[in-house]
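Note: the block below is target.tsv and it holds TSV, C-alpha atoms and all ligand atoms.
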chain	number	residue	atom	x	y	z
A	1	MET	CA	7.86	10.95	-25.52
A	2	GLN	CA	8.61	8.39	-22.84
A	3	PRO	CA	5.68	6.31	-21.59
A	4	ARG	CA	4.23	7.38	-18.26
A	5	PRO	CA	5.68	5.27	-15.44
A	6	ARG	CA	3.19	2.87	-13.88
A	7	HIS	CA	5.29	1.84	-10.89
A	8	LEU	CA	5.92	3.06	-7.38
A	9	ILE	CA	9.61	2.78	-6.54
A	10	ASN	CA	10.39	2.17	-2.91
A	11	SER	CA	13.61	2.45	-0.93
A	12	ALA	CA	14.53	2.60	2.74
A	13	HIS	CA	14.78	6.41	2.56
A	14	ALA	CA	12.41	7.67	-0.11
A	15	GLU	CA	9.80	6.62	-2.63
A	16	LEU	CA	9.38	7.71	-6.24
A	17	TRP	CA	5.83	8.40	-7.44
A	18	PRO	CA	4.90	8.78	-11.09
A	19	ALA	CA	4.37	12.53	-11.39
A	20	TRP	CA	1.28	12.14	-13.61
A	21	LEU	CA	-0.61	10.55	-10.69
A	22	LEU	CA	-0.14	13.56	-8.41
A	23	ARG	CA	-2.11	16.80	-8.26
A	24	ALA	CA	-0.32	19.98	-7.25
A	25	ARG	CA	-1.40	21.83	-4.12
A	26	ARG	CA	0.35	25.08	-5.08
A	27	ASN	CA	1.09	26.84	-8.38
A	28	ALA	CA	4.80	26.42	-7.89
A	29	ASP	CA	4.27	22.67	-7.53
A	30	ALA	CA	2.10	22.60	-10.66
A	31	ARG	CA	4.95	24.06	-12.71
A	32	ALA	CA	7.39	21.53	-11.28
A	33	LEU	CA	4.98	18.63	-11.86
A	34	ALA	CA	4.35	19.61	-15.48
A	35	THR	CA	7.92	18.75	-16.43
A	36	ALA	CA	8.45	15.92	-13.95
A	37	THR	CA	8.55	12.19	-14.57
A	38	TRP	CA	8.93	11.25	-10.90
A	39	VAL	CA	8.25	12.91	-7.58
A	40	VAL	CA	10.49	11.99	-4.65
A	41	ARG	CA	8.69	11.64	-1.33
A	42	SER	CA	10.21	11.02	2.06
A	43	ARG	CA	9.05	8.00	4.05
A	44	ASN	CA	6.87	10.42	6.01
A	45	GLY	CA	5.10	11.60	2.86
A	46	ASP	CA	6.91	14.93	2.47
A	47	TYR	CA	7.48	15.99	-1.13
A	48	LEU	CA	11.23	16.45	-1.59
A	49	ALA	CA	11.99	16.88	-5.28
A	50	THR	CA	10.95	16.15	-8.83
A	51	ILE	CA	12.99	14.24	-11.42
A	52	ASP	CA	12.57	15.07	-15.09
A	53	ALA	CA	12.93	12.78	-18.10
A	54	ALA	CA	16.66	13.57	-18.33
A	55	ARG	CA	16.96	12.59	-14.62
A	56	ASN	CA	17.73	16.12	-13.48
A	57	ILE	CA	16.66	16.64	-9.91
A	58	HIS	CA	14.71	19.75	-8.85
A	59	PRO	CA	14.18	20.27	-5.11
A	60	LEU	CA	10.62	21.25	-4.20
A	61	PRO	CA	10.50	24.30	-1.91
A	62	PRO	CA	10.91	24.54	1.01
A	63	GLN	CA	13.38	21.65	0.57
A	64	GLN	CA	17.06	22.43	0.10
A	65	PRO	CA	19.24	20.68	-2.48
A	66	SER	CA	19.97	17.32	-0.93
A	67	ARG	CA	22.98	15.05	-0.85
A	68	ASN	CA	20.69	12.12	-1.65
A	69	THR	CA	20.36	13.03	-5.30
A	70	ASP	CA	22.58	10.20	-6.57
A	71	GLY	CA	20.43	7.69	-4.71
A	72	TRP	CA	17.26	9.17	-6.16
A	73	ARG	CA	18.73	9.17	-9.67
A	74	ALA	CA	19.55	5.47	-9.24
A	75	LEU	CA	15.96	4.82	-8.16
A	76	ALA	CA	14.68	6.67	-11.23
A	77	LEU	CA	16.94	4.54	-13.40
A	78	ASP	CA	15.51	1.45	-11.72
A	79	GLY	CA	12.02	2.77	-12.38
A	80	ALA	CA	12.80	2.96	-16.07
A	81	ARG	CA	13.40	-0.80	-16.08
A	82	PRO	CA	10.02	-2.22	-15.10
A	83	GLN	CA	11.30	-5.79	-15.44
A	84	ALA	CA	14.15	-5.31	-12.95
A	85	PRO	CA	13.89	-7.76	-10.02
A	86	VAL	CA	11.89	-6.73	-6.97
A	87	HIS	CA	13.54	-7.14	-3.59
A	88	ALA	CA	12.36	-6.77	0.01
A	89	LEU	CA	13.41	-3.58	1.78
A	90	PRO	CA	15.34	-3.85	5.06
A	91	MET	CA	13.22	-3.64	8.22
A	92	HIS	CA	15.73	-1.71	10.31
A	93	GLY	CA	14.33	0.88	12.65
A	94	LEU	CA	10.88	-0.73	12.76
A	95	GLU	CA	11.22	-2.32	16.20
A	96	ARG	CA	12.47	0.91	17.75
A	97	ARG	CA	9.57	2.87	16.27
A	98	LEU	CA	7.12	0.26	17.56
A	99	LEU	CA	8.59	0.53	21.04
A	100	GLU	CA	8.01	4.27	20.90
A	101	LEU	CA	4.34	3.49	20.30
A	102	GLY	CA	4.33	1.17	23.31
A	103	LEU	CA	4.56	-2.11	21.44
A	104	ASP	CA	7.17	-4.84	21.84
A	105	ALA	CA	7.59	-6.40	18.36
A	106	ASP	CA	8.86	-9.82	19.53
A	107	ASP	CA	6.13	-10.15	22.11
A	108	TYR	CA	3.50	-9.12	19.57
A	109	ALA	CA	4.81	-11.59	16.98
A	110	GLN	CA	4.56	-14.40	19.51
A	111	ARG	CA	1.11	-13.48	20.73
A	112	SER	CA	-0.40	-12.90	17.27
A	113	GLY	CA	1.44	-15.52	15.24
A	114	LEU	CA	1.92	-12.76	12.65
A	115	MET	CA	5.24	-12.19	10.94
A	116	GLN	CA	6.98	-8.98	10.01
A	117	VAL	CA	6.19	-8.14	6.40
A	118	PRO	CA	8.85	-6.21	4.48
A	119	GLU	CA	7.89	-3.66	1.85
A	120	PRO	CA	8.80	-4.52	-1.76
A	121	SER	CA	11.14	-2.28	-3.75
A	122	ARG	CA	8.51	-1.83	-6.43
A	123	LEU	CA	4.73	-1.84	-6.74
A	124	ALA	CA	2.71	-1.84	-9.94
A	125	LEU	CA	-0.28	0.37	-10.72
A	126	ALA	CA	-3.23	-2.04	-10.71
A	127	GLY	CA	-5.84	0.59	-11.56
A	128	PHE	CA	-7.66	2.89	-9.16
A	129	ASP	CA	-9.57	2.19	-5.98
A	130	ARG	CA	-13.12	3.18	-5.03
A	131	TYR	CA	-11.86	6.63	-4.01
A	132	ARG	CA	-10.00	7.11	-7.34
A	133	ARG	CA	-6.65	6.77	-5.60
A	134	PRO	CA	-3.94	4.79	-7.38
A	135	LEU	CA	-4.18	1.11	-6.43
A	136	TRP	CA	-0.67	-0.26	-5.86
A	137	LEU	CA	-0.08	-4.02	-5.79
A	138	GLY	CA	2.73	-6.41	-6.58
A	139	SER	CA	2.66	-7.06	-10.32
A	140	GLY	CA	1.39	-10.66	-9.97
A	141	ALA	CA	-1.33	-9.71	-7.52
A	142	GLY	CA	-2.33	-6.76	-9.69
A	143	ARG	CA	-2.76	-8.87	-12.80
A	144	ALA	CA	-4.71	-11.52	-10.85
A	145	TRP	CA	-6.95	-8.83	-9.32
A	146	ASN	CA	-7.82	-7.35	-12.70
A	147	ARG	CA	-8.54	-10.78	-14.19
A	148	MET	CA	-10.70	-11.67	-11.19
A	149	ARG	CA	-12.57	-8.38	-11.31
A	150	ALA	CA	-13.33	-8.83	-15.03
A	151	ALA	CA	-14.54	-12.41	-14.44
A	152	ALA	CA	-16.84	-11.22	-11.65
A	153	ALA	CA	-18.17	-8.42	-13.85
A	154	SER	CA	-19.00	-10.92	-16.58
A	155	ASP	CA	-21.02	-12.83	-13.95
A	156	GLY	CA	-22.83	-9.58	-13.10
A	157	VAL	CA	-20.92	-9.01	-9.84
A	158	ALA	CA	-19.21	-5.66	-9.19
A	159	LEU	CA	-15.97	-5.79	-7.23
A	160	ASP	CA	-14.00	-2.70	-6.30
A	161	ALA	CA	-10.76	-2.17	-4.43
A	162	ILE	CA	-10.87	-0.36	-1.09
A	163	SER	CA	-7.16	-0.54	-0.31
A	164	GLY	CA	-4.11	-2.36	-1.64
A	165	TYR	CA	-0.49	-1.74	-0.70
A	166	ARG	CA	0.12	0.27	2.46
A	167	SER	CA	3.58	1.26	3.67
A	168	HIS	CA	4.93	0.76	7.19
A	169	ALA	CA	4.87	4.55	7.59
A	170	TYR	CA	1.20	4.71	6.61
A	171	GLN	CA	0.24	2.02	9.15
A	172	MET	CA	2.43	3.76	11.73
A	173	GLY	CA	0.44	6.95	11.11
A	174	ILE	CA	-2.89	5.15	11.72
A	175	PHE	CA	-1.48	3.72	14.94
A	176	ALA	CA	-0.05	7.01	16.17
A	177	ARG	CA	-3.30	8.90	15.48
A	178	LYS	CA	-5.36	6.34	17.37
A	179	ARG	CA	-2.92	6.43	20.31
A	180	ALA	CA	-3.20	10.24	20.31
A	181	ARG	CA	-7.02	9.88	20.51
A	182	GLY	CA	-6.54	7.86	23.70
A	183	LEU	CA	-7.03	4.30	22.40
A	184	THR	CA	-4.88	1.67	24.09
A	185	VAL	CA	-2.45	-0.49	22.15
A	186	ASP	CA	-4.74	-3.50	22.73
A	187	ASP	CA	-7.79	-1.58	21.43
A	188	ILE	CA	-5.95	-0.79	18.24
A	189	LEU	CA	-4.48	-4.26	17.77
A	190	ALA	CA	-7.96	-5.79	17.83
A	191	VAL	CA	-8.70	-3.93	14.60
A	192	ASN	CA	-5.34	-3.09	12.99
A	193	ALA	CA	-2.28	-5.27	12.58
A	194	ALA	CA	0.76	-3.61	14.14
A	195	PRO	CA	2.77	-1.50	11.70
A	196	GLY	CA	5.21	-3.80	9.94
A	197	PHE	CA	2.92	-6.83	10.42
A	198	SER	CA	0.08	-6.06	8.00
A	199	GLU	CA	-0.33	-8.20	4.89
A	200	HIS	CA	-1.00	-4.91	3.07
A	201	HIS	CA	2.74	-4.12	3.29
A	202	SER	CA	3.48	-7.00	0.92
A	203	GLY	CA	1.53	-5.61	-2.02
A	204	ASP	CA	-0.26	-8.95	-2.26
A	205	ALA	CA	-3.26	-8.18	-0.05
A	206	LEU	CA	-6.31	-6.17	-0.91
A	207	ASP	CA	-9.55	-5.06	0.69
A	208	ILE	CA	-12.46	-5.66	-1.64
A	209	GLY	CA	-15.83	-3.92	-1.68
A	210	THR	CA	-18.91	-3.81	-3.83
A	211	ASP	CA	-21.49	-1.25	-4.99
A	212	GLY	CA	-23.61	0.31	-2.27
A	213	GLU	CA	-21.75	-1.38	0.56
A	214	ALA	CA	-19.75	0.52	3.22
A	215	PRO	CA	-16.07	-0.45	3.18
A	216	ALA	CA	-14.61	-3.00	5.58
A	217	GLU	CA	-17.85	-4.02	7.33
A	218	GLU	CA	-18.74	-7.55	8.37
A	219	SER	CA	-22.01	-7.13	6.42
A	220	PHE	CA	-19.89	-7.62	3.28
A	221	GLU	CA	-20.28	-11.35	3.91
A	222	ARG	CA	-23.96	-11.11	2.98
A	223	THR	CA	-23.31	-9.62	-0.47
A	224	ALA	CA	-23.34	-11.34	-3.86
A	225	ALA	CA	-19.72	-10.16	-4.18
A	226	PHE	CA	-18.63	-12.15	-1.13
A	227	ARG	CA	-20.50	-15.25	-2.31
A	228	TRP	CA	-18.81	-14.91	-5.70
A	229	LEU	CA	-15.38	-14.50	-4.08
A	230	SER	CA	-15.95	-17.51	-1.83
A	231	ASP	CA	-16.66	-19.62	-4.91
A	232	HIS	CA	-14.08	-18.21	-7.33
A	233	ALA	CA	-11.28	-16.20	-5.67
A	234	GLY	CA	-9.19	-19.34	-5.17
A	235	ASP	CA	-9.11	-19.85	-8.95
A	236	PHE	CA	-7.27	-16.52	-9.17
A	237	GLY	CA	-4.89	-17.26	-6.29
A	238	PHE	CA	-6.71	-15.21	-3.62
A	239	ASN	CA	-7.56	-16.51	-0.14
A	240	LEU	CA	-9.45	-14.99	2.78
A	241	SER	CA	-6.78	-14.17	5.38
A	242	TYR	CA	-8.85	-13.60	8.51
A	243	PRO	CA	-11.86	-15.89	8.74
A	244	ARG	CA	-13.97	-16.05	11.90
A	245	ASP	CA	-12.00	-17.09	15.00
A	246	ASN	CA	-8.65	-16.89	13.24
A	247	PRO	CA	-5.62	-17.70	15.41
A	248	HIS	CA	-4.17	-14.17	15.09
A	249	GLY	CA	-6.82	-12.50	17.24
A	250	ILE	CA	-7.80	-10.29	14.30
A	251	VAL	CA	-11.50	-9.58	13.83
A	252	TYR	CA	-13.31	-11.44	11.04
A	253	GLU	CA	-12.50	-9.61	7.79
A	254	PRO	CA	-14.60	-10.96	4.91
A	255	TRP	CA	-13.28	-8.10	2.73
A	256	HIS	CA	-9.54	-8.85	3.11
A	257	TRP	CA	-8.02	-11.19	0.51
A	258	ARG	CA	-4.45	-12.14	-0.14
A	259	TRP	CA	-2.90	-13.36	-3.36
A	260	HIS	CA	-0.67	-16.40	-2.95
A	261	GLY	CA	0.35	-16.76	-6.58
A	301	ZN	ZN	-7.10	-5.52	4.67
Before we go any further, please render this structure as structure tokens.
Amino acid sequence: MQPRPRHLINSAHAELWPAWLLRARRNADARALATATWVVRSRNGDYLATIDAARNIHPLPPQQPSRNTDGWRALALDGARPQAPVHALPMHGLERRLLELGLDADDYAQRSGLMQVPEPSRLALAGFDRYRRPLWLGSGAGRAWNRMRAAAASDGVALDAISGYRSHAYQMGIFARKRARGLTVDDILAVNAAPGFSEHHSGDALDIGTDGEAPAEESFERTAAFRWLSDHAGDFGFNLSYPRDNPHGIVYEPWHWRWHG
């Protein structure tokens, strides 16, 4: 039996999820998942097909057989080589989609001092987050996070992950939903980086929480976990990205740490 894949494979058109991490919503999907190694999802999160261990592709209803199957098979092959090099995905289409949301990417980059952050072609499973969702990080960041978490635990400090890698499409969804609720672009940008500009796209950033503490609240700075991170995170390559009065106009985020290797 082949080992279960522990990577998320990313391309400009689709992503491949390890099938064992997904739960079926319908009986027909459960049968397909039982024999699947990978599940192909569109960039919008639609489930397109499964790929079995022999790299046969099975479209998931209501999808029709697709002409993309060779591309997906190549991605599955890449997924079977966990040491293959990771590259940055092209950013094309991002600026147009931002304009549709009412945001000029060049203008935003200048105002915020933030840079566009490409998505990597592969993320590694770094465990599970507080909500038992798979935690995806770049492989270096993932190893550093698990070492740091173990070191904190041995000092009696509980760290948990709130959120790791997030795709452009995911951040775009947050933005679009807030716009639909009537928030202005400026309202949203005070709290969320623009899609394509979040450090979470890199797979090297992570929101950290601790027992009994609501996620992503400024009160995190008064916890033993934050004091421990302030003293030790640097030893593991993690820095606080958005301290008070940071030049990017992003609110103070004591929970958001980025691995710099
Ligand atoms: Zn964050």
| query | Quick one: distance from CA of His168 (chain A) to CA of Gly196 (chain A) in Å, one decimal? | reply |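 Between CA of His168 (chain A) and CA of Gly196 (chain A) the gap works out to 5.3 Å.
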| request: List all protein, DNA and RNA residues that have an atom no more than 7 Å from any atom of ligand ZN 301 (chain A), counting only C-alpha atoms and all ligand atoms, and report them as a list of chain:residue names. | output: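 Every residue with an atom at most 7 Å from ligand ZN 301 (chain A) is listed here: A:His200, A:Ala205, A:Leu206, A:Asp207, A:Trp255, A:His256.
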Please define a box with edges along x, y and z of the file around all atoms of region 172-191 of chain A given in the file, extend it by 4 Å on each side, and return its centre and edge lengths in Å to one decimal, as JSON.
{"center_x": -3.1, "center_y": 2.2, "center_z": 17.6, "size_x": 19.1, "size_y": 24.0, "size_z": 21.0}
| task | Write out as a PyMOL selection string each polymer residue whose atoms come within 10 Å of Pro82 (chain A), counting only C-alpha atoms; drop sequence neighbours fewer than 5 positions from it. | result | chain A and resi 5-7+9+77+122-124
Print the selection's residues with C-alpha atoms to a file, as a compact mmCIF listing (two decimals), in the coordinates of the input.
# COMPACT_ATOMS: atom_id res chain seq x y z
CA PRO A 5 5.68 5.27 -15.44
CA ARG A 6 3.19 2.87 -13.88
CA HIS A 7 5.29 1.84 -10.89
CA ILE A 9 9.61 2.78 -6.54
CA LEU A 77 16.94 4.54 -13.40
CA ARG A 122 8.51 -1.83 -6.43
CA LEU A 123 4.73 -1.84 -6.74
CA ALA A 124 2.71 -1.84 -9.94
| said: Under the rule that all atoms listed in the file are counted, which of A:Ser219, A:Asn56, A:Ser42, A:Ser202 is the nearest residue to Gln116 (chain A)? | reply: A:Ser202
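Using only C-alpha atoms, the protein and nucleic acid residues lying at most 8 Å from the point (2.2, -2.2, 5.4) are A:Val117, A:Pro118, A:Glu119, A:Tyr165, A:Arg166, A:Ser167, A:His168, A:Ala169, A:Tyr170, A:Gln171, A:Pro195, A:Gly196, A:Phe197, A:Ser198, A:Glu199, A:His200, A:His201, A:Ser202.
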| message | Please list as an NGL selection string every residue within 12 Å of Ala216 (chain A), counting only C-alpha atoms and excluding residues in the same chain fewer than 3 positions away. | response | :A and (160-163 or 191-192 or 206-210 or 213 or 219-221 or 251-257)
| request: Kindly indicate which residue among A:Asp204, A:Glu217, A:Asp78, A:Asp52 lies nearest to Gly142 (chain A), using only C-alpha atoms for the distances. | output: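 Checking each candidate against Gly142 (chain A), we get A:Asp204 as the closest.
Interatomic distance, CA of Thr50 (chain A) to CA of Trp38 (chain A): 5.7 Å.
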| message | So, with all atoms listed in the file as the atoms that count, which of A:Ile188, A:Arg133, A:Leu114, A:Ser66 lies closest to Arg23 (chain A)? | response |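 Nearest to Arg23 (chain A): A:Arg133.
Neighbouring residues of Tyr108 (chain A) at 12 Å or closer, counting only C-alpha atoms and skipping chain neighbours under 3 positions away, are A:Glu95, A:Leu98, A:Leu99, A:Gly102, A:Leu103, A:Asp104, A:Ala105, A:Arg111, A:Ser112, A:Gly113, A:Leu114, A:Met115, A:Gln116, A:Val185, A:Asp186, A:Leu189, A:Ala193, A:Ala194, A:Pro195, A:Gly196, A:Phe197, A:His248, A:Gly249.
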Could you dump the residues just selected with C-alpha atoms as a PDB file, keeping the file's coordinate frame?
ATOM      1  CA  GLU A  95      11.220  -2.320  16.200  1.00  0.00           C
ATOM      2  CA  LEU A  98       7.120   0.260  17.560  1.00  0.00           C
ATOM      3  CA  LEU A  99       8.590   0.530  21.040  1.00  0.00           C
ATOM      4  CA  GLY A 102       4.330   1.170  23.310  1.00  0.00           C
ATOM      5  CA  LEU A 103       4.560  -2.110  21.440  1.00  0.00           C
ATOM      6  CA  ASP A 104       7.170  -4.840  21.840  1.00  0.00           C
ATOM      7  CA  ALA A 105       7.590  -6.400  18.360  1.00  0.00           C
ATOM      8  CA  ARG A 111       1.110 -13.480  20.730  1.00  0.00           C
ATOM      9  CA  SER A 112      -0.400 -12.900  17.270  1.00  0.00           C
ATOM     10  CA  GLY A 113       1.440 -15.520  15.240  1.00  0.00           C
ATOM     11  CA  LEU A 114       1.920 -12.760  12.650  1.00  0.00           C
ATOM     12  CA  MET A 115       5.240 -12.190  10.940  1.00  0.00           C
ATOM     13  CA  GLN A 116       6.980  -8.980  10.010  1.00  0.00           C
ATOM     14  CA  VAL A 185      -2.450  -0.490  22.150  1.00  0.00           C
ATOM     15  CA  ASP A 186      -4.740  -3.500  22.730  1.00  0.00           C
ATOM     16  CA  LEU A 189      -4.480  -4.260  17.770  1.00  0.00           C
ATOM     17  CA  ALA A 193      -2.280  -5.270  12.580  1.00  0.00           C
ATOM     18  CA  ALA A 194       0.760  -3.610  14.140  1.00  0.00           C
ATOM     19  CA  PRO A 195       2.770  -1.500  11.700  1.00  0.00           C
ATOM     20  CA  GLY A 196       5.210  -3.800   9.940  1.00  0.00           C
ATOM     21  CA  PHE A 197       2.920  -6.830  10.420  1.00  0.00           C
ATOM     22  CA  HIS A 248      -4.170 -14.170  15.090  1.00  0.00           C
ATOM     23  CA  GLY A 249      -6.820 -12.500  17.240  1.00  0.00           C
TER      24      GLY A 249
END
| field | From A:Phe226, A:Asn27, A:Leu75, A:His92, residue lying nearest Val39 (chain A) [all atoms listed in the file] | value |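 Of the candidates, the smallest distance to Val39 (chain A) is held by A:Leu75.
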| task | Fewer than 4 positions away in the same chain doesn't count, so skip those; otherwise give me all residues within 7 Å of Phe238 (chain A), counting all atoms listed in the file, as number ranges by chain. | result | A: 233-234, 257-260
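Among the candidates A:Arg73, A:Arg149, A:His87, A:Arg97, the residue lying nearest to Gly127 (chain A) is A:Arg149 (atoms considered: only C-alpha atoms).
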Would you fill the gaps in region 181-191 of chain A so it has all heavy atoms, then print it as an mmCIF file, in the coordinates of the input?
data_model
loop_
_atom_site.group_PDB
_atom_site.id
_atom_site.type_symbol
_atom_site.label_atom_id
_atom_site.label_comp_id
_atom_site.auth_asym_id
_atom_site.auth_seq_id
_atom_site.Cartn_x
_atom_site.Cartn_y
_atom_site.Cartn_z
ATOM 1 N N ARG A 181 -5.596 9.724 20.144
ATOM 2 C CA ARG A 181 -7.020 9.880 20.510
ATOM 3 C C ARG A 181 -7.353 9.162 21.804
ATOM 4 O O ARG A 181 -8.504 9.158 22.242
ATOM 5 C CB ARG A 181 -7.922 9.339 19.390
ATOM 6 C CG ARG A 181 -7.951 10.225 18.168
ATOM 7 C CD ARG A 181 -9.203 10.013 17.302
ATOM 8 N NE ARG A 181 -9.828 8.700 17.391
ATOM 9 C CZ ARG A 181 -9.837 7.794 16.415
ATOM 10 N NH1 ARG A 181 -9.234 8.048 15.275
ATOM 11 N NH2 ARG A 181 -10.448 6.642 16.577
ATOM 12 N N GLY A 182 -6.340 8.476 22.390
ATOM 13 C CA GLY A 182 -6.540 7.860 23.700
ATOM 14 C C GLY A 182 -6.830 6.365 23.650
ATOM 15 O O GLY A 182 -7.080 5.748 24.684
ATOM 16 N N LEU A 183 -6.818 5.752 22.463
ATOM 17 C CA LEU A 183 -7.030 4.300 22.400
ATOM 18 C C LEU A 183 -5.798 3.588 22.950
ATOM 19 O O LEU A 183 -4.661 4.064 22.789
ATOM 20 C CB LEU A 183 -7.273 3.858 20.953
ATOM 21 C CG LEU A 183 -8.724 3.941 20.457
ATOM 22 C CD1 LEU A 183 -9.127 5.380 20.211
ATOM 23 C CD2 LEU A 183 -8.911 3.123 19.187
ATOM 24 N N THR A 184 -6.016 2.443 23.594
ATOM 25 C CA THR A 184 -4.880 1.670 24.090
ATOM 26 C C THR A 184 -4.314 0.834 22.948
ATOM 27 O O THR A 184 -4.968 0.614 21.924
ATOM 28 C CB THR A 184 -5.302 0.708 25.209
ATOM 29 O OG1 THR A 184 -6.146 -0.305 24.639
ATOM 30 C CG2 THR A 184 -6.055 1.435 26.312
ATOM 31 N N VAL A 185 -3.088 0.367 23.151
ATOM 32 C CA VAL A 185 -2.450 -0.490 22.150
ATOM 33 C C VAL A 185 -3.338 -1.707 21.868
ATOM 34 O O VAL A 185 -3.550 -2.084 20.708
ATOM 35 C CB VAL A 185 -1.051 -0.919 22.643
ATOM 36 C CG1 VAL A 185 -0.481 -2.032 21.776
ATOM 37 C CG2 VAL A 185 -0.100 0.283 22.641
ATOM 38 N N ASP A 186 -3.906 -2.309 22.930
ATOM 39 C CA ASP A 186 -4.740 -3.500 22.730
ATOM 40 C C ASP A 186 -6.011 -3.185 21.934
ATOM 41 O O ASP A 186 -6.440 -3.978 21.096
ATOM 42 C CB ASP A 186 -5.095 -4.139 24.074
ATOM 43 C CG ASP A 186 -3.894 -4.870 24.674
ATOM 44 O OD1 ASP A 186 -2.946 -5.152 23.914
ATOM 45 O OD2 ASP A 186 -3.917 -5.142 25.887
ATOM 46 N N ASP A 187 -6.614 -2.006 22.216
ATOM 47 C CA ASP A 187 -7.790 -1.580 21.430
ATOM 48 C C ASP A 187 -7.456 -1.563 19.947
ATOM 49 O O ASP A 187 -8.217 -2.051 19.105
ATOM 50 C CB ASP A 187 -8.214 -0.137 21.784
ATOM 51 C CG ASP A 187 -8.798 -0.014 23.186
ATOM 52 O OD1 ASP A 187 -9.213 -1.049 23.738
ATOM 53 O OD2 ASP A 187 -8.831 1.129 23.708
ATOM 54 N N ILE A 188 -6.319 -0.979 19.649
ATOM 55 C CA ILE A 188 -5.950 -0.790 18.240
ATOM 56 C C ILE A 188 -5.627 -2.129 17.590
ATOM 57 O O ILE A 188 -6.026 -2.403 16.450
ATOM 58 C CB ILE A 188 -4.755 0.185 18.105
ATOM 59 C CG1 ILE A 188 -5.070 1.508 18.808
ATOM 60 C CG2 ILE A 188 -4.433 0.438 16.642
ATOM 61 C CD1 ILE A 188 -3.857 2.417 18.968
ATOM 62 N N LEU A 189 -4.920 -2.988 18.343
ATOM 63 C CA LEU A 189 -4.480 -4.260 17.770
ATOM 64 C C LEU A 189 -5.644 -5.217 17.504
ATOM 65 O O LEU A 189 -5.499 -6.168 16.743
ATOM 66 C CB LEU A 189 -3.456 -4.937 18.684
ATOM 67 C CG LEU A 189 -2.097 -4.231 18.745
ATOM 68 C CD1 LEU A 189 -1.177 -4.966 19.705
ATOM 69 C CD2 LEU A 189 -1.460 -4.151 17.362
ATOM 70 N N ALA A 190 -6.798 -4.952 18.120
ATOM 71 C CA ALA A 190 -7.960 -5.790 17.830
ATOM 72 C C ALA A 190 -8.480 -5.510 16.421
ATOM 73 O O ALA A 190 -9.176 -6.324 15.830
ATOM 74 C CB ALA A 190 -9.062 -5.542 18.858
ATOM 75 N N VAL A 191 -8.146 -4.352 15.885
ATOM 76 C CA VAL A 191 -8.700 -3.930 14.600
ATOM 77 C C VAL A 191 -7.610 -3.793 13.539
ATOM 78 O O VAL A 191 -7.826 -4.090 12.360
ATOM 79 C CB VAL A 191 -9.443 -2.586 14.763
ATOM 80 C CG1 VAL A 191 -10.090 -2.163 13.462
ATOM 81 C CG2 VAL A 191 -10.489 -2.689 15.863
#
